[in-house]
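A.B. asks: Dropping in final-v3.cif, with mmCIF, C-alpha atoms.
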```cif
data_target
loop_
_atom_site.label_atom_id
_atom_site.label_comp_id
_atom_site.auth_asym_id
_atom_site.auth_seq_id
_atom_site.Cartn_x
_atom_site.Cartn_y
_atom_site.Cartn_z
CA MET U 1 72.28 32.40 34.01
CA ARG U 2 70.34 35.33 32.53
CA MET U 3 70.36 33.68 29.11
CA THR U 4 68.89 30.53 30.59
CA LYS U 5 66.02 32.44 32.21
CA LEU U 6 65.29 34.37 29.00
CA GLY U 7 65.21 31.15 27.02
CA ALA U 8 62.71 29.68 29.46
CA VAL U 9 60.48 32.73 29.11
CA LEU U 10 60.55 32.61 25.33
CA ALA U 11 59.71 28.90 25.35
CA THR U 12 56.72 29.56 27.57
CA LEU U 13 55.46 32.32 25.26
CA ALA U 14 55.82 30.08 22.22
CA ILE U 15 53.75 27.33 23.80
CA ALA U 16 51.07 29.79 24.89
CA THR U 17 50.93 31.34 21.42
CA GLY U 18 50.57 27.94 19.79
CA THR U 19 47.72 27.05 22.10
CA ALA U 20 45.87 30.24 21.26
CA THR U 21 46.21 29.52 17.54
CA VAL U 22 44.70 26.05 17.92
CA LEU U 23 41.71 27.39 19.87
CA ALA U 24 41.03 30.02 17.24
CA ASP U 25 40.80 27.33 14.50
CA THR U 26 38.00 25.30 16.25
CA PRO U 27 34.87 25.34 13.96
CA ALA U 28 31.46 26.48 15.20
CA GLN U 29 28.73 23.83 15.62
CA ALA U 30 26.12 23.57 12.81
CA ALA U 31 22.48 24.37 13.56
CA THR U 32 20.28 21.32 14.28
CA ALA U 33 17.59 20.55 11.70
CA THR U 34 13.97 20.73 12.87
CA THR U 35 12.34 17.33 13.37
CA THR U 36 9.48 16.47 10.99
CA THR U 37 6.70 13.91 10.82
CA ALA U 38 5.54 12.57 7.45
CA THR U 39 2.01 11.14 7.22
CA LEU U 40 0.17 9.30 4.45
CA THR U 41 -3.43 8.02 4.33
CA ILE U 42 -6.16 7.06 1.86
CA ASN U 43 -9.37 8.84 2.83
CA GLN U 44 -7.88 9.14 6.34
CA HIS U 45 -7.37 5.36 6.56
CA ALA U 46 -4.16 3.34 6.80
CA LYS U 47 -5.75 0.16 5.43
CA VAL U 48 -8.11 -0.09 2.46
CA LYS U 49 -9.81 -3.11 0.83
CA ALA U 50 -11.59 -3.00 -2.54
CA GLN U 51 -12.37 -5.06 -5.61
CA TYR U 52 -10.08 -4.77 -8.61
CA GLY U 53 -10.60 -1.55 -10.59
CA ASN U 54 -12.79 0.14 -7.98
CA THR U 55 -11.98 3.64 -6.73
CA ILE U 56 -10.44 3.69 -3.26
CA GLY U 57 -9.76 7.43 -2.94
CA PHE U 58 -6.75 9.72 -3.19
CA LEU U 59 -3.48 9.35 -1.34
CA GLU U 60 -3.27 12.20 1.21
CA ALA U 61 0.24 13.34 2.13
CA ALA U 62 1.38 15.83 4.77
CA VAL U 63 4.54 16.84 6.62
CA THR U 64 4.48 18.65 9.97
CA ASP U 65 7.11 20.01 12.36
CA SER U 66 7.53 19.17 16.04
CA GLY U 67 4.86 21.72 16.95
CA GLY U 68 2.30 20.33 14.52
CA GLY U 69 2.68 23.10 11.96
CA ASP U 70 2.68 22.37 8.24
CA VAL U 71 6.06 22.07 6.53
CA LEU U 72 5.72 23.68 3.10
CA THR U 73 9.20 23.39 1.68
CA GLY U 74 11.47 20.71 0.25
CA SER U 75 10.63 17.57 -1.71
CA ALA U 76 8.74 14.34 -1.00
CA VAL U 77 8.67 10.95 -2.71
CA LEU U 78 5.77 8.51 -2.81
CA GLN U 79 7.21 5.01 -2.50
CA GLN U 80 5.44 1.72 -3.18
CA LYS U 81 6.12 -1.92 -2.39
CA LEU U 82 4.57 -4.77 -4.38
CA PRO U 83 4.29 -8.28 -2.84
CA GLY U 84 7.70 -9.92 -2.67
CA LYS U 85 9.46 -6.79 -3.92
CA SER U 86 11.50 -4.02 -2.31
CA TRP U 87 10.50 -0.38 -1.88
CA LYS U 88 10.69 1.73 -5.06
CA ASP U 89 10.05 5.40 -5.84
CA ALA U 90 6.72 5.86 -7.63
CA LYS U 91 6.09 9.62 -7.80
CA THR U 92 7.95 12.76 -6.69
CA ASP U 93 6.66 16.18 -5.66
CA SER U 94 9.59 18.59 -5.73
CA ASP U 95 7.62 21.68 -4.70
CA GLY U 96 6.10 21.58 -1.24
CA THR U 97 5.07 25.25 -1.14
CA ASP U 98 1.39 24.28 -1.54
CA GLY U 99 1.64 20.94 0.23
CA PHE U 100 2.53 17.54 -1.22
CA SER U 101 0.27 15.81 -3.75
CA PHE U 102 0.55 12.92 -6.20
CA GLY U 103 -2.63 13.48 -8.20
CA SER U 104 -4.78 10.43 -8.93
CA TYR U 105 -1.90 7.99 -8.60
CA GLY U 106 -3.01 4.93 -6.62
CA SER U 107 -6.67 6.02 -6.51
CA ARG U 108 -7.93 2.69 -7.91
CA ALA U 109 -7.35 -0.84 -6.66
CA LYS U 110 -5.02 -2.46 -9.20
CA GLY U 111 -3.40 -5.08 -6.97
CA ASN U 112 -2.06 -5.61 -3.47
CA VAL U 113 0.38 -2.82 -2.67
CA GLN U 114 1.87 -0.79 0.17
CA TYR U 115 2.67 2.92 0.09
CA ARG U 116 4.73 5.26 2.25
CA LEU U 117 5.80 8.90 2.08
CA HIS U 118 9.51 9.78 2.21
CA TYR U 119 10.09 13.46 2.99
CA LEU U 120 13.57 14.38 1.79
CA GLY U 121 13.96 17.50 3.94
CA GLY U 122 14.45 21.11 2.90
CA THR U 123 15.19 24.67 3.97
CA ASP U 124 12.63 27.46 4.15
CA GLY U 125 13.90 30.37 2.04
CA THR U 126 12.07 32.95 4.19
CA THR U 127 12.87 31.75 7.72
CA SER U 128 16.08 29.81 6.87
CA THR U 129 14.70 26.95 8.96
CA THR U 130 16.10 23.58 7.90
CA TYR U 131 13.79 20.56 8.17
CA ALA U 132 15.03 17.01 8.68
CA PRO U 133 13.93 14.06 6.48
CA SER U 134 11.28 11.62 7.72
CA VAL U 135 9.34 8.55 6.55
CA SER U 136 5.63 7.93 7.15
CA LYS U 137 3.92 4.80 8.41
CA VAL U 138 2.81 2.30 5.76
CA VAL U 139 -0.56 2.43 3.96
CA THR U 140 -1.82 -0.99 2.82
CA VAL U 141 -4.18 -1.65 -0.11
CA THR U 142 -5.77 -5.11 -0.30
CA THR U 143 -7.27 -5.93 -3.69
CA LEU U 144 -10.02 -8.51 -4.13
CA TRP U 145 -11.17 -10.15 -7.35
CA ASN U 146 -13.87 -8.35 -9.28
CA PHE U 147 -16.25 -10.29 -11.49
CA LYS U 148 -19.38 -9.99 -13.57
CA ASP U 149 -21.89 -12.37 -11.98
CA THR U 150 -24.16 -14.08 -14.57
CA SER U 151 -25.69 -16.71 -12.28
CA ALA U 152 -29.33 -17.56 -13.06
CA CYS U 153 -32.08 -20.20 -12.85
CA PRO U 154 -33.75 -20.35 -16.30
CA ASN U 155 -36.73 -22.75 -16.25
CA GLY U 156 -35.69 -24.04 -12.83
CA HIS U 157 -32.23 -25.13 -13.96
CA CYS U 158 -29.76 -23.14 -11.90
CA HIS U 159 -26.13 -22.36 -12.47
CA ILE U 160 -23.44 -20.24 -10.85
CA SER U 161 -21.45 -18.39 -13.47
CA GLY U 162 -19.49 -15.25 -14.14
CA LYS U 163 -16.42 -13.60 -15.64
CA LEU U 164 -13.29 -12.59 -13.74
CA ILE U 165 -12.03 -9.01 -13.74
CA PRO U 166 -9.23 -8.72 -14.65
CA ARG U 167 -9.70 -11.44 -17.25
CA THR U 168 -7.59 -14.44 -16.25
CA LYS U 169 -7.53 -17.77 -18.05
CA ASN U 170 -7.19 -21.20 -16.43
CA HIS U 171 -7.64 -19.75 -12.95
CA LYS U 172 -8.80 -22.05 -10.16
CA ILE U 173 -12.18 -21.48 -8.50
CA LEU U 174 -13.36 -23.73 -5.68
CA VAL U 175 -17.13 -24.33 -5.38
CA GLN U 176 -18.44 -25.49 -1.99
CA VAL U 177 -21.87 -26.60 -0.77
CA LYS U 178 -23.07 -26.48 2.83
CA HIS U 179 -24.38 -29.72 4.31
CA GLY U 180 -23.79 -29.10 8.00
CA SER U 181 -20.29 -27.84 7.20
CA TRP U 182 -18.82 -26.59 3.95
CA LYS U 183 -17.83 -29.40 1.58
CA LYS U 184 -16.16 -29.41 -1.82
CA TYR U 185 -18.67 -29.43 -4.66
CA ARG U 186 -16.61 -28.71 -7.77
CA VAL U 187 -13.25 -27.29 -8.82
CA LEU U 188 -13.46 -24.99 -11.83
CA HIS U 189 -10.86 -23.40 -14.09
CA THR U 190 -11.68 -20.29 -16.07
CA SER U 191 -11.81 -20.29 -19.87
CA SER U 192 -9.49 -18.28 -22.10
CA LYS U 193 -11.96 -15.40 -21.71
CA GLY U 194 -11.93 -15.64 -17.91
CA THR U 195 -15.45 -17.15 -17.64
CA TYR U 196 -16.67 -19.95 -15.36
CA ARG U 197 -19.90 -21.92 -14.88
CA VAL U 198 -21.21 -24.79 -12.77
CA ASN U 199 -24.72 -26.26 -12.52
CA VAL U 200 -26.23 -26.38 -9.02
CA THR U 201 -29.41 -27.79 -7.46
CA GLY U 202 -31.56 -26.26 -4.76
CA SER U 203 -34.09 -27.23 -2.12
CA ARG U 204 -37.28 -25.78 -0.67
CA LYS U 205 -35.41 -24.49 2.37
CA GLY U 206 -32.56 -23.27 0.19
CA THR U 207 -29.19 -24.85 -0.45
CA LYS U 208 -26.15 -22.72 0.27
CA TYR U 209 -23.19 -22.56 -2.09
CA ARG U 210 -20.11 -20.40 -2.21
CA ILE U 211 -17.28 -19.86 -4.63
CA ILE U 212 -13.71 -19.12 -3.57
CA ILE U 213 -11.63 -17.47 -6.27
CA THR U 214 -8.06 -18.40 -5.37
CA ARG U 215 -5.39 -15.77 -4.84
CA THR U 216 -2.53 -14.63 -7.03
CA HIS U 217 0.61 -12.73 -5.96
CA SER U 218 -1.25 -9.44 -6.53
CA ILE U 219 -4.93 -10.25 -5.80
CA THR U 220 -6.31 -11.69 -2.56
CA ALA U 221 -8.57 -14.78 -2.49
CA THR U 222 -12.20 -13.69 -2.81
CA MET U 223 -15.42 -15.43 -1.73
CA LYS U 224 -19.06 -15.03 -2.74
CA GLY U 225 -22.07 -16.90 -1.35
CA TYR U 226 -25.32 -18.10 -2.99
CA ARG U 227 -28.60 -19.63 -1.80
CA VAL U 228 -30.58 -21.73 -4.28
CA VAL U 229 -34.28 -22.14 -3.38
CA LEU U 230 -36.82 -24.32 -5.19
CA VAL U 231 -40.14 -22.54 -5.63
#
```
Can the structure from this file be put into structure tokens for me?
C.D. replies:
Amino acid sequence: MRMTKLGAVLATLAIATGTATVLADTPAQAATATTTTATLTINQHAKVKAQYGNTIGFLEAAVTDSGGGDVLTGSAVLQQKLPGKSWKDAKTDSDGTDGFSFGSYGSRAKGNVQYRLHYLGGTDGTTSTTYAPSVSKVVTVTTLWNFKDTSACPNGHCHISGKLIPRTKNHKILVQVKHGSWKKYRVLHTSSKGTYRVNVTGSRKGTKYRIIITRTHSITATMKGYRVVLV
């Protein structure tokens, strides 16, 4: 009978000891990373429209913590998305100690494009604070056709003419005239040098014309108006 009781006691101690060992092996919880907010603008705007080749300003990037303070550690990637394409990395700033910058990249309108800032996260070496990754809202650049306008009325014979920038051959340009409403006047196609020309007539009150340079996958349709007056 005594041996039975002793065996029961030993069994109880073994179970208790095993339980203590399991509790001691439980890992401590990792510290939670500080939430961040990535922002990206062009001259403090989220949407910009400009003619091809014109300066639109610098991309301005910033990362802040939940309290609005600047995050000056870690790396950030400028990503871009062309029409019909997926997001791709364009530029990387691996040193955020003086803020994030991508130089003059994207400062001119070279085609329709979207940008966003992807902050990859990082840990401050001084405070040991870890910052979580974040992605900014999208910045949109709309690019219009640029052109050198050479329209004139030498000796009373008027024409609308010009040269596309960038130079594009065999590109469609719709010419309309306003008689109450806008009506088709001519359909032009640019030469191998990107030039176009159409003769037009005026009136004493002035006849209104407009050209519509059709879009491409990277440049938005662009319109310009004219008024031809006989004097």
A.B. asks: Determine, using only C-alpha atoms, which residues of range 45-106 of chain U have any atom at most 9 Å from an atom of range 33-39 of chain U, and tabulate each with its shortest atom pair and distance in Å to one decimal place, rows ordered by chain and then rising number, as JSON lines.
C.D. replies:
```
{"residue": "U:Glu60", "atom": "CA", "partner": "U:Thr39", "partner_atom": "CA", "distance": 8.1}
{"residue": "U:Ala61", "atom": "CA", "partner": "U:Thr39", "partner_atom": "CA", "distance": 5.8}
{"residue": "U:Ala62", "atom": "CA", "partner": "U:Thr39", "partner_atom": "CA", "distance": 5.3}
{"residue": "U:Val63", "atom": "CA", "partner": "U:Ala38", "partner_atom": "CA", "distance": 4.5}
{"residue": "U:Thr64", "atom": "CA", "partner": "U:Thr37", "partner_atom": "CA", "distance": 5.3}
{"residue": "U:Asp65", "atom": "CA", "partner": "U:Thr36", "partner_atom": "CA", "distance": 4.5}
{"residue": "U:Ser66", "atom": "CA", "partner": "U:Thr35", "partner_atom": "CA", "distance": 5.8}
{"residue": "U:Gly68", "atom": "CA", "partner": "U:Thr37", "partner_atom": "CA", "distance": 8.6}
{"residue": "U:Val71", "atom": "CA", "partner": "U:Thr36", "partner_atom": "CA", "distance": 7.9}
```
A.B. asks: Select, from U:Ile56, U:Val187, U:Val229, U:Ala132, the residue with the minimum atom-to-atom distance to Gly74 in chain U, counting only C-alpha atoms.
C.D. replies: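 For Gly74 in chain U, the nearest of the given residues is U:Ala132.
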A.B. asks: Any chance you could resolve the PyMOL selection byres ((chain U and resi 199-208) around 8) against this file and give the residues as a PyMOL selection string?
C.D. replies: chain U and resi 157-160+177-178+197-198+209-210+225-231
A.B. asks: What does the distance between CA of Leu72 in chain U and CA of Tyr115 in chain U come to in Å, to one decimal place?
C.D. replies: 21.2 Å
A.B. asks: For CA of Ser75 in chain U and CA of Tyr131 in chain U, determine how far apart the two atoms are, in Å to one decimal place.
C.D. replies: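 These atoms are spaced 10.8 Å apart.
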A.B. asks: CA of Asp149 in chain U and CA of Tyr185 in chain U, how far apart in Å?
C.D. replies: 18.8 Å
A.B. asks: Using all atoms listed in the file, determine which residues lie at most 9 Å from Leu174 in chain U, disregarding the query and same-chain residues fewer than 4 positions distant; provide the list as number ranges by chain.
C.D. replies: U: 184-189, 210-214
A.B. asks: Identify which of the residues U:Thr140, U:Gln79, U:Gln176, U:Asn112 lies closest to Asp93 in chain U, counting all atoms listed in the file when measuring atom-to-atom distances.
C.D. replies: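 Looking only at the distances to Asp93 in chain U, the closest residue turns out to be U:Gln79.
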A.B. asks: List, as JSON, numbers by chain, every residue that the PyMOL selection byres ((chain U and resi 53) around 7) selects in the file provided.
C.D. replies: {"U": [51, 52, 54, 55, 108, 109, 110]}
A.B. asks: Check what the PyMOL selection byres ((chain U and resi 103) around 12) selects in the file above and give those residues as an MDAnalysis selection string.
C.D. replies: chainID U and resid 57:61 78 91:93 100:102 104:107
A.B. asks: Please output range 170-181 of chain U, rebuilt to include N, CA, C and O atoms, as a tab-separated table (two decimals), keeping the file's coordinate frame.
C.D. replies:
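Listing of rebuild-v3.tsv after writing:
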```
chain	number	residue	atom	x	y	z
U	170	ASN	N	-7.63	-20.00	-17.15
U	170	ASN	CA	-7.19	-21.20	-16.43
U	170	ASN	C	-6.96	-20.92	-14.94
U	170	ASN	O	-6.06	-21.50	-14.32
U	171	HIS	N	-7.79	-20.06	-14.37
U	171	HIS	CA	-7.64	-19.75	-12.95
U	171	HIS	C	-8.57	-20.62	-12.11
U	171	HIS	O	-9.73	-20.84	-12.46
U	172	LYS	N	-8.07	-21.10	-11.01
U	172	LYS	CA	-8.80	-22.05	-10.16
U	172	LYS	C	-9.87	-21.37	-9.31
U	172	LYS	O	-9.60	-20.36	-8.65
U	173	ILE	N	-11.07	-21.93	-9.34
U	173	ILE	CA	-12.18	-21.48	-8.50
U	173	ILE	C	-12.77	-22.69	-7.79
U	173	ILE	O	-13.18	-23.66	-8.43
U	174	LEU	N	-12.81	-22.65	-6.48
U	174	LEU	CA	-13.36	-23.73	-5.68
U	174	LEU	C	-14.84	-23.45	-5.39
U	174	LEU	O	-15.19	-22.36	-4.92
U	175	VAL	N	-15.70	-24.44	-5.67
U	175	VAL	CA	-17.13	-24.33	-5.38
U	175	VAL	C	-17.45	-25.26	-4.21
U	175	VAL	O	-17.10	-26.45	-4.24
U	176	GLN	N	-18.08	-24.70	-3.18
U	176	GLN	CA	-18.44	-25.49	-1.99
U	176	GLN	C	-19.94	-25.45	-1.76
U	176	GLN	O	-20.62	-24.49	-2.14
U	177	VAL	N	-20.47	-26.52	-1.14
U	177	VAL	CA	-21.87	-26.60	-0.77
U	177	VAL	C	-21.94	-26.86	0.73
U	177	VAL	O	-21.07	-27.55	1.29
U	178	LYS	N	-22.98	-26.32	1.39
U	178	LYS	CA	-23.07	-26.48	2.83
U	178	LYS	C	-24.08	-27.55	3.20
U	178	LYS	O	-25.28	-27.40	2.99
U	179	HIS	N	-23.56	-28.66	3.73
U	179	HIS	CA	-24.38	-29.72	4.31
U	179	HIS	C	-23.85	-29.93	5.72
U	179	HIS	O	-23.01	-30.79	5.97
U	180	GLY	N	-24.35	-29.12	6.66
U	180	GLY	CA	-23.79	-29.10	8.00
U	180	GLY	C	-22.56	-28.21	8.03
U	180	GLY	O	-22.55	-27.13	8.60
U	181	SER	N	-21.49	-28.66	7.37
U	181	SER	CA	-20.29	-27.84	7.20
U	181	SER	C	-20.05	-27.66	5.70
U	181	SER	O	-20.70	-28.30	4.87
```
